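coords-v7.pdb (PDB, C-alpha atoms) appears below.
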```pdb
ATOM      1  CA  MET A  25    -113.435 -12.105  37.687
ATOM      2  CA  ASN A  26    -111.029 -10.298  35.527
ATOM      3  CA  LYS A  27    -107.931 -11.740  33.868
ATOM      4  CA  ASN A  28    -105.959 -11.622  37.036
ATOM      5  CA  THR A  29    -108.386 -13.825  38.913
ATOM      6  CA  SER A  30    -108.239 -17.465  38.095
ATOM      7  CA  ALA A  31    -111.661 -18.193  39.428
ATOM      8  CA  HIS A  32    -114.082 -19.461  36.868
ATOM      9  CA  LEU A  33    -117.822 -18.923  36.887
ATOM     10  CA  SER A  34    -119.989 -21.300  38.878
ATOM     11  CA  ASP A  35    -122.681 -23.419  37.250
ATOM     12  CA  GLU A  36    -125.302 -21.101  38.649
ATOM     13  CA  THR A  37    -123.554 -18.037  37.174
ATOM     14  CA  LEU A  38    -123.175 -19.810  33.821
ATOM     15  CA  MET A  39    -126.898 -20.618  33.944
ATOM     16  CA  ARG A  40    -127.696 -16.944  34.560
ATOM     17  CA  TRP A  41    -125.374 -16.069  31.664
ATOM     18  CA  GLN A  42    -127.224 -18.498  29.391
ATOM     19  CA  VAL A  43    -130.573 -17.037  30.407
ATOM     20  CA  GLY A  44    -129.302 -13.497  29.935
ATOM     21  CA  ASP A  45    -129.269 -12.378  33.564
ATOM     22  CA  ALA A  46    -125.448 -12.196  33.948
ATOM     23  CA  THR A  47    -123.719  -8.994  34.990
ATOM     24  CA  GLU A  48    -121.378  -7.183  32.662
ATOM     25  CA  PRO A  49    -118.188  -8.530  34.307
ATOM     26  CA  GLU A  50    -119.569 -12.102  34.078
ATOM     27  CA  ARG A  51    -120.371 -11.648  30.405
ATOM     28  CA  THR A  52    -116.885 -10.282  29.751
ATOM     29  CA  HIS A  53    -115.292 -13.248  31.593
ATOM     30  CA  VAL A  54    -117.202 -15.827  29.556
ATOM     31  CA  ALA A  55    -116.262 -14.017  26.364
ATOM     32  CA  GLU A  56    -112.570 -14.146  27.282
ATOM     33  CA  CYS A  57    -112.304 -17.514  29.116
ATOM     34  CA  ALA A  58    -112.139 -20.616  26.917
ATOM     35  CA  GLU A  59    -112.633 -22.975  29.840
ATOM     36  CA  CYS A  60    -115.890 -21.222  30.907
ATOM     37  CA  GLN A  61    -116.982 -21.272  27.284
ATOM     38  CA  ALA A  62    -116.282 -25.003  27.107
ATOM     39  CA  GLN A  63    -118.122 -25.534  30.389
ATOM     40  CA  ALA A  64    -121.090 -23.504  29.070
ATOM     41  CA  LYS A  65    -121.054 -25.208  25.642
ATOM     42  CA  PRO A  66    -123.122 -28.310  26.608
ATOM     43  CA  LEU A  67    -125.685 -26.151  28.319
ATOM     44  CA  LYS A  68    -125.571 -23.706  25.422
ATOM     45  CA  ASP A  69    -126.011 -26.567  22.949
ATOM     46  CA  ALA A  70    -128.873 -28.010  24.991
ATOM     47  CA  LEU A  71    -130.558 -24.635  25.233
ATOM     48  CA  SER A  72    -129.854 -23.998  21.569
ATOM     49  CA  TRP A  73    -131.349 -27.376  20.670
ATOM     50  CA  PHE A  74    -134.292 -26.725  22.971
ATOM     51  CA  GLY A  75    -134.733 -23.239  21.450
ATOM     52  CA  GLU A  76    -134.555 -24.689  17.944
ATOM     53  CA  ALA A  77    -137.063 -27.399  18.879
ATOM     54  CA  ALA A  78    -139.341 -24.794  20.428
ATOM     55  CA  ARG A  79    -139.057 -22.595  17.323
ATOM     56  CA  GLN A  80    -139.697 -25.580  15.066
ATOM     57  CA  TRP A  81    -142.619 -26.678  17.204
ATOM     58  CA  GLY A  82    -143.927 -23.093  17.147
ATOM     59  CA  GLU A  83    -143.574 -22.944  13.357
ATOM     60  CA  GLU A  84    -145.295 -26.311  12.985
ATOM     61  CA  ARG A  85    -147.956 -25.202  15.396
ATOM     62  CA  ALA A  86    -148.352 -21.928  13.483
ATOM     63  CA  ALA A  87    -148.546 -23.916  10.229
ATOM     64  CA  LEU A  88    -151.181 -26.191  11.764
ATOM     65  CA  VAL A  89    -153.092 -23.197  13.088
ATOM     66  CA  GLU A  90    -152.843 -21.531   9.668
ATOM     67  CA  GLU A  91    -154.030 -24.743   7.975
ATOM     68  CA  TRP A  92    -156.839 -25.044  10.494
ATOM     69  CA  HIS A  93    -157.871 -21.430   9.850
ATOM     70  CA  LYS A  94    -157.807 -22.041   6.097
ATOM     71  CA  SER A  95    -159.836 -25.247   6.524
ATOM     72  CA  ARG A  96    -162.263 -23.471   8.816
ATOM     73  CA  ASP A  97    -162.595 -20.561   6.368
ATOM     74  CA  ALA A  98    -163.050 -22.999   3.470
ATOM     75  CA  ALA A  99    -165.666 -24.950   5.437
ATOM     76  CA  ALA A 100    -167.415 -21.727   6.400
ATOM     77  CA  GLN A 101    -167.366 -20.605   2.761
ATOM     78  CA  GLU A 102    -168.690 -23.977   1.646
ATOM     79  CA  TRP A 103    -171.394 -23.797   4.302
ATOM     80  CA  ARG A 104    -172.356 -20.277   3.183
ATOM     81  CA  MET A 105    -172.458 -21.442  -0.425
ATOM     82  CA  SER A 106    -174.560 -24.495   0.456
ATOM     83  CA  LYS A 107    -176.831 -22.295   2.558
ATOM     84  CA  ALA A 108    -177.145 -19.878  -0.361
ATOM     85  CA  ALA A 109    -177.798 -22.805  -2.699
ATOM     86  CA  ALA A 110    -180.397 -24.150  -0.291
ATOM     87  CA  ALA A 111    -181.957 -20.695  -0.087
ATOM     88  CA  ARG A 112    -181.965 -20.496  -3.879
ATOM     89  CA  SER A 113    -183.400 -24.001  -4.019
ATOM     90  CA  TRP A 114    -186.004 -23.073  -1.436
ATOM     91  CA  ARG A 115    -186.777 -19.869  -3.327
ATOM     92  CA  SER A 116    -187.077 -21.756  -6.618
ATOM     93  CA  MET A 117    -189.285 -24.334  -4.913
ATOM     94  CA  ALA A 118    -191.434 -21.549  -3.471
ATOM     95  CA  ALA A 119    -191.567 -19.901  -6.896
ATOM     96  CA  ALA A 120    -192.639 -23.194  -8.478
ATOM     97  CA  TRP A 121    -195.383 -23.657  -5.888
ATOM     98  CA  ALA A 122    -196.476 -20.066  -6.423
ATOM     99  CA  LEU A 123    -196.697 -20.675 -10.184
ATOM    100  CA  VAL A 124    -198.657 -23.872  -9.661
ATOM    101  CA  SER A 125    -200.972 -22.041  -7.267
ATOM    102  CA  VAL A 126    -201.503 -19.222  -9.755
ATOM    103  CA  ALA A 127    -202.156 -21.731 -12.530
ATOM    104  CA  LEU A 128    -204.705 -23.586 -10.414
ATOM    105  CA  LEU A 129    -206.271 -20.316  -9.365
ATOM    106  CA  LEU A 130    -206.605 -19.269 -13.000
ATOM    107  CA  ILE A 131    -208.004 -22.642 -13.955
ATOM    108  CA  PHE A 132    -210.593 -22.513 -11.211
ATOM    109  CA  ALA A 133    -211.302 -18.783 -11.467
ATOM    110  CA  ILE A 134    -211.681 -18.754 -15.243
ATOM    111  CA  GLY A 135    -212.331 -22.394 -16.012
ATOM    112  CA  MET A 136    -214.970 -23.121 -13.378
ATOM    113  CA  PRO A 137    -217.453 -20.441 -14.481
ATOM    114  CA  ARG A 138    -216.910 -21.462 -18.107
ATOM    115  CA  TRP A 139    -217.288 -25.114 -17.179
ATOM    116  CA  LYS A 140    -220.462 -24.344 -15.227
ATOM    117  CA  ALA A 141    -221.807 -22.371 -18.189
ATOM    118  CA  HIS A 142    -220.911 -25.256 -20.496
ATOM    119  CA  GLN A 143    -222.511 -27.714 -18.074
ATOM    120  CA  ALA A 144    -225.635 -25.536 -17.923
ATOM    121  CA  ALA A 145    -225.747 -25.392 -21.746
ATOM    122  CA  ILE A 146    -225.460 -29.178 -21.939
ATOM    123  CA  GLU A 147    -228.213 -29.590 -19.341
ATOM    124  CA  ALA A 148    -230.386 -27.113 -21.277
ATOM    125  CA  LYS A 149    -229.861 -29.118 -24.483
ATOM    126  CA  VAL A 150    -230.694 -32.349 -22.674
ATOM    127  CA  GLN A 151    -233.800 -30.720 -21.193
ATOM    128  CA  GLN A 152    -234.763 -29.413 -24.643
ATOM    129  CA  GLN A 153    -234.313 -32.879 -26.164
ATOM    130  CA  ARG A 154    -236.452 -34.399 -23.419
ATOM    131  CA  GLN A 155    -239.157 -31.831 -24.021
ATOM    132  CA  GLN A 156    -238.951 -32.475 -27.773
ATOM    133  CA  GLU A 157    -239.218 -36.224 -27.173
ATOM    134  CA  GLN A 158    -242.133 -35.654 -24.800
ATOM    135  CA  ARG A 159    -243.882 -33.504 -27.433
ATOM    136  CA  GLN A 160    -243.301 -36.151 -30.108
ATOM    137  CA  GLU A 161    -244.570 -38.865 -27.768
ATOM    138  CA  LEU A 162    -247.586 -36.705 -26.899
ATOM    139  CA  ALA A 163    -248.263 -36.131 -30.617
ATOM    140  CA  ARG A 164    -248.062 -39.892 -31.281
ATOM    141  CA  ASP A 165    -250.337 -40.558 -28.316
ATOM    142  CA  ASN A 166    -252.807 -37.909 -29.534
ATOM    143  CA  ALA A 167    -252.774 -39.374 -33.046
ATOM    144  CA  LEU A 168    -253.446 -42.819 -31.621
ATOM    145  CA  LEU A 169    -256.231 -41.464 -29.434
ATOM    146  CA  GLU A 170    -257.743 -39.679 -32.448
ATOM    147  CA  GLN A 171    -257.666 -42.887 -34.422
ATOM    148  CA  VAL A 172    -259.231 -44.825 -31.522
ATOM    149  CA  ASP A 173    -261.842 -42.085 -31.146
ATOM    150  CA  GLN A 174    -262.740 -42.313 -34.819
ATOM    151  CA  ASP A 175    -262.972 -46.038 -34.620
ATOM    152  CA  VAL A 176    -265.138 -45.899 -31.498
ATOM    153  CA  SER A 177    -267.391 -43.127 -32.732
ATOM    154  CA  GLN A 178    -268.546 -45.107 -35.743
ATOM    155  CA  VAL A 179    -271.710 -47.094 -35.158
ATOM    156  CA  VAL A 180    -270.303 -50.122 -36.836
ATOM    157  CA  PRO A 181    -266.641 -50.506 -37.372
ATOM    158  CA  GLU A 182    -265.496 -50.441 -40.962
ATOM    159  CA  ALA A 183    -264.544 -54.056 -40.953
ATOM    160  CA  MET A 184    -268.088 -55.008 -39.913
ATOM    161  CA  GLN A 185    -269.986 -52.584 -42.127
ATOM    162  CA  PRO A 186    -270.762 -55.135 -44.870
ATOM    163  CA  LEU A 187    -272.327 -57.301 -42.214
ATOM    164  CA  SER A 188    -274.291 -54.446 -40.827
ATOM    165  CA  TRP A 189    -275.839 -53.772 -44.262
ATOM    166  CA  SER A 190    -276.978 -57.280 -44.623
ATOM    167  CA  THR A 191    -278.338 -57.268 -41.096
ATOM    168  CA  ALA A 192    -279.989 -53.988 -41.669
ATOM    169  CA  SER A 193    -281.732 -55.248 -44.745
ATOM    170  CA  GLY A 194    -282.632 -58.473 -42.911
ATOM    171  CA  ASN A 195    -283.890 -56.408 -39.998
ATOM    172  CA  SER A 196    -286.022 -54.289 -42.197
ATOM    173  CA  ALA A 197    -287.602 -57.444 -43.702
ATOM    174  CA  SER A 198    -288.155 -58.953 -40.331
ATOM    175  CA  THR A 199    -289.510 -55.664 -39.096
ATOM    176  CA  SER A 200    -291.908 -55.546 -42.046
ATOM    177  CA  SER A 201    -293.011 -59.110 -41.432
ATOM    178  CA  VAL A 202    -293.539 -58.377 -37.817
ATOM    179  CA  SER A 203    -295.572 -55.349 -38.707
ATOM    180  CA  THR A 204    -297.691 -57.368 -41.221
ATOM    181  CA  ARG A 205    -298.438 -60.009 -38.764
ATOM    182  CA  GLN A 206    -299.884 -57.751 -36.363
TER     183      GLN A 206
END
```
Kindly present the structure from the file in structure tokens form.
Amino acid sequence: MNKNTSAHLSDETLMRWQVGDATEPERTHVAECAECQAQAKPLKDALSWFGEAARQWGEERAALVEEWHKSRDAAAQEWRMSKAAAARSWRSMAAAWALVSVALLLIFAIGMPRWKAHQAAIEAKVQQQRQQEQRQELARDNALLEQVDQDVSQVVPEAMQPLSWSTASGNSASTSSVSTRQ
């Protein structure tokens, strides 16, 4: 396989040379022999094209993987932010409920006793007014009874007193005539 030999490399040897498994004398022969180079050129071009396609595919794949990682990281960041926002929203909602609860607690803790005291004061006033009305009604009833008692305790009512005088004087005359007759 030196210059003196006219034998060219077989397809199998050229394939090994393309892959990188050729021996040193085979490498030297291909470097010096134009015919072996021409015979290896289509395979070299095909492997070169395949290598370029594989590199391009690898770069595209790497770009897609990089884009996917960026998208995944962005989605994860967005999810963390939405989770944080939801936690803040939940915390603000819990804080609002806590404030409402405290307000209601204050209203019922402070307001209820005051309202009960106010209610008791109103009921006391109503009771006092009822008692006052009962006393006034009792006084009116007593005054009426006193007036009826005075009217009943008289022997002859005032309106009939002029009649009673005339009857009394007529009675005394009739009594005197009855006593004279006897």
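Counting only C-alpha atoms, stretch 38-48 of chain A has the following residues at most 9 Å away, ignoring those fewer than 3 positions along the same chain: A:Leu33, A:Ser34, A:Asp35, A:Arg51, A:Thr52, A:His53, A:Val54, A:Cys60, A:Gln63, A:Ala64, A:Leu67, A:Lys68, A:Leu71.
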ask   = Distance atom CA of A:Leu88-atom CA of A:Phe74, one decimal place?
value =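 A separation of 20.3 Å between them.
The gap separating atom CA of A:Phe132 from atom CA of A:Ala120 is 18.2 Å, in Å to one decimal.
We find atom CA of A:Lys94 and atom CA of A:Trp114 to be spaced 29.2 Å apart.
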Taking all atoms of stretch 123-142 of chain A that the file lists and extending 4 Å past them on each side, where is the centre of the axis-aligned box and how long are its edges? Answer in Å to one decimal, as AutoDock Vina command-line options.
```
--center_x -209.3 --center_y -22.0 --center_z -13.9 --size_x 33.1 --size_y 14.5 --size_z 21.2
```
Can you rebuild stretch 30-55 of chain A with N, CA, C and O atoms and give it as a tab-separated table (two decimals), in the frame of the given file?
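The new file selection_2.tsv reads:
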```tsv
chain	number	residue	atom	x	y	z
A	30	SER	N	-108.17	-16.19	38.78
A	30	SER	CA	-108.24	-17.46	38.10
A	30	SER	C	-109.54	-18.17	38.37
A	30	SER	O	-109.76	-19.28	37.93
A	31	ALA	N	-110.40	-17.55	39.09
A	31	ALA	CA	-111.66	-18.19	39.43
A	31	ALA	C	-112.56	-18.19	38.22
A	31	ALA	O	-112.69	-17.20	37.52
A	32	HIS	N	-113.15	-19.33	37.99
A	32	HIS	CA	-114.08	-19.46	36.87
A	32	HIS	C	-115.50	-19.32	37.41
A	32	HIS	O	-115.73	-19.38	38.61
A	33	LEU	N	-116.43	-19.14	36.50
A	33	LEU	CA	-117.82	-18.92	36.89
A	33	LEU	C	-118.42	-20.24	37.37
A	33	LEU	O	-118.13	-21.33	36.87
A	34	SER	N	-119.30	-20.11	38.36
A	34	SER	CA	-119.99	-21.30	38.88
A	34	SER	C	-121.09	-21.72	37.89
A	34	SER	O	-121.44	-20.98	36.96
A	35	ASP	N	-121.60	-22.91	38.13
A	35	ASP	CA	-122.68	-23.42	37.25
A	35	ASP	C	-123.90	-22.50	37.31
A	35	ASP	O	-124.56	-22.27	36.29
A	36	GLU	N	-124.16	-22.01	38.48
A	36	GLU	CA	-125.30	-21.10	38.65
A	36	GLU	C	-125.09	-19.81	37.86
A	36	GLU	O	-125.99	-19.31	37.20
A	37	THR	N	-123.87	-19.27	37.90
A	37	THR	CA	-123.55	-18.04	37.17
A	37	THR	C	-123.61	-18.29	35.67
A	37	THR	O	-124.11	-17.46	34.91
A	38	LEU	N	-123.10	-19.46	35.24
A	38	LEU	CA	-123.18	-19.81	33.82
A	38	LEU	C	-124.64	-19.93	33.38
A	38	LEU	O	-124.99	-19.55	32.26
A	39	MET	N	-125.46	-20.50	34.25
A	39	MET	CA	-126.90	-20.62	33.94
A	39	MET	C	-127.51	-19.23	33.78
A	39	MET	O	-128.26	-19.00	32.83
A	40	ARG	N	-127.18	-18.31	34.68
A	40	ARG	CA	-127.70	-16.94	34.56
A	40	ARG	C	-127.20	-16.31	33.26
A	40	ARG	O	-127.91	-15.58	32.60
A	41	TRP	N	-125.93	-16.61	32.91
A	41	TRP	CA	-125.37	-16.07	31.66
A	41	TRP	C	-126.15	-16.61	30.47
A	41	TRP	O	-126.47	-15.89	29.54
A	42	GLN	N	-126.46	-17.88	30.49
A	42	GLN	CA	-127.22	-18.50	29.39
A	42	GLN	C	-128.62	-17.88	29.28
A	42	GLN	O	-129.12	-17.67	28.18
A	43	VAL	N	-129.21	-17.59	30.40
A	43	VAL	CA	-130.57	-17.04	30.41
A	43	VAL	C	-130.54	-15.56	30.04
A	43	VAL	O	-131.52	-15.01	29.54
A	44	GLY	N	-129.41	-14.91	30.26
A	44	GLY	CA	-129.30	-13.50	29.94
A	44	GLY	C	-129.36	-12.60	31.14
A	44	GLY	O	-129.48	-11.39	31.00
A	45	ASP	N	-129.22	-13.16	32.33
A	45	ASP	CA	-129.27	-12.38	33.56
A	45	ASP	C	-127.87	-12.10	34.13
A	45	ASP	O	-127.73	-11.61	35.25
A	46	ALA	N	-126.81	-12.39	33.43
A	46	ALA	CA	-125.45	-12.20	33.95
A	46	ALA	C	-125.09	-10.71	34.00
A	46	ALA	O	-125.59	-9.91	33.21
A	47	THR	N	-124.19	-10.38	34.88
A	47	THR	CA	-123.72	-8.99	34.99
A	47	THR	C	-122.69	-8.75	33.90
A	47	THR	O	-122.21	-9.70	33.25
A	48	GLU	N	-122.33	-7.54	33.71
A	48	GLU	CA	-121.38	-7.18	32.66
A	48	GLU	C	-120.02	-7.85	32.89
A	48	GLU	O	-119.46	-8.40	31.95
A	49	PRO	N	-119.47	-7.86	34.13
A	49	PRO	CA	-118.19	-8.53	34.31
A	49	PRO	C	-118.29	-10.03	34.02
A	49	PRO	O	-117.36	-10.64	33.47
A	50	GLU	N	-119.43	-10.67	34.34
A	50	GLU	CA	-119.57	-12.10	34.08
A	50	GLU	C	-119.63	-12.36	32.58
A	50	GLU	O	-119.04	-13.32	32.09
A	51	ARG	N	-120.29	-11.52	31.86
A	51	ARG	CA	-120.37	-11.65	30.40
A	51	ARG	C	-118.98	-11.50	29.79
A	51	ARG	O	-118.61	-12.24	28.87
A	52	THR	N	-118.22	-10.52	30.28
A	52	THR	CA	-116.88	-10.28	29.75
A	52	THR	C	-116.00	-11.50	30.04
A	52	THR	O	-115.23	-11.93	29.17
A	53	HIS	N	-116.10	-12.10	31.23
A	53	HIS	CA	-115.29	-13.25	31.59
A	53	HIS	C	-115.59	-14.42	30.67
A	53	HIS	O	-114.67	-15.09	30.19
A	54	VAL	N	-116.85	-14.70	30.42
A	54	VAL	CA	-117.20	-15.83	29.56
A	54	VAL	C	-116.69	-15.58	28.15
A	54	VAL	O	-116.19	-16.49	27.50
A	55	ALA	N	-116.73	-14.33	27.70
A	55	ALA	CA	-116.26	-14.02	26.36
A	55	ALA	C	-114.75	-14.24	26.24
A	55	ALA	O	-114.27	-14.61	25.17
```
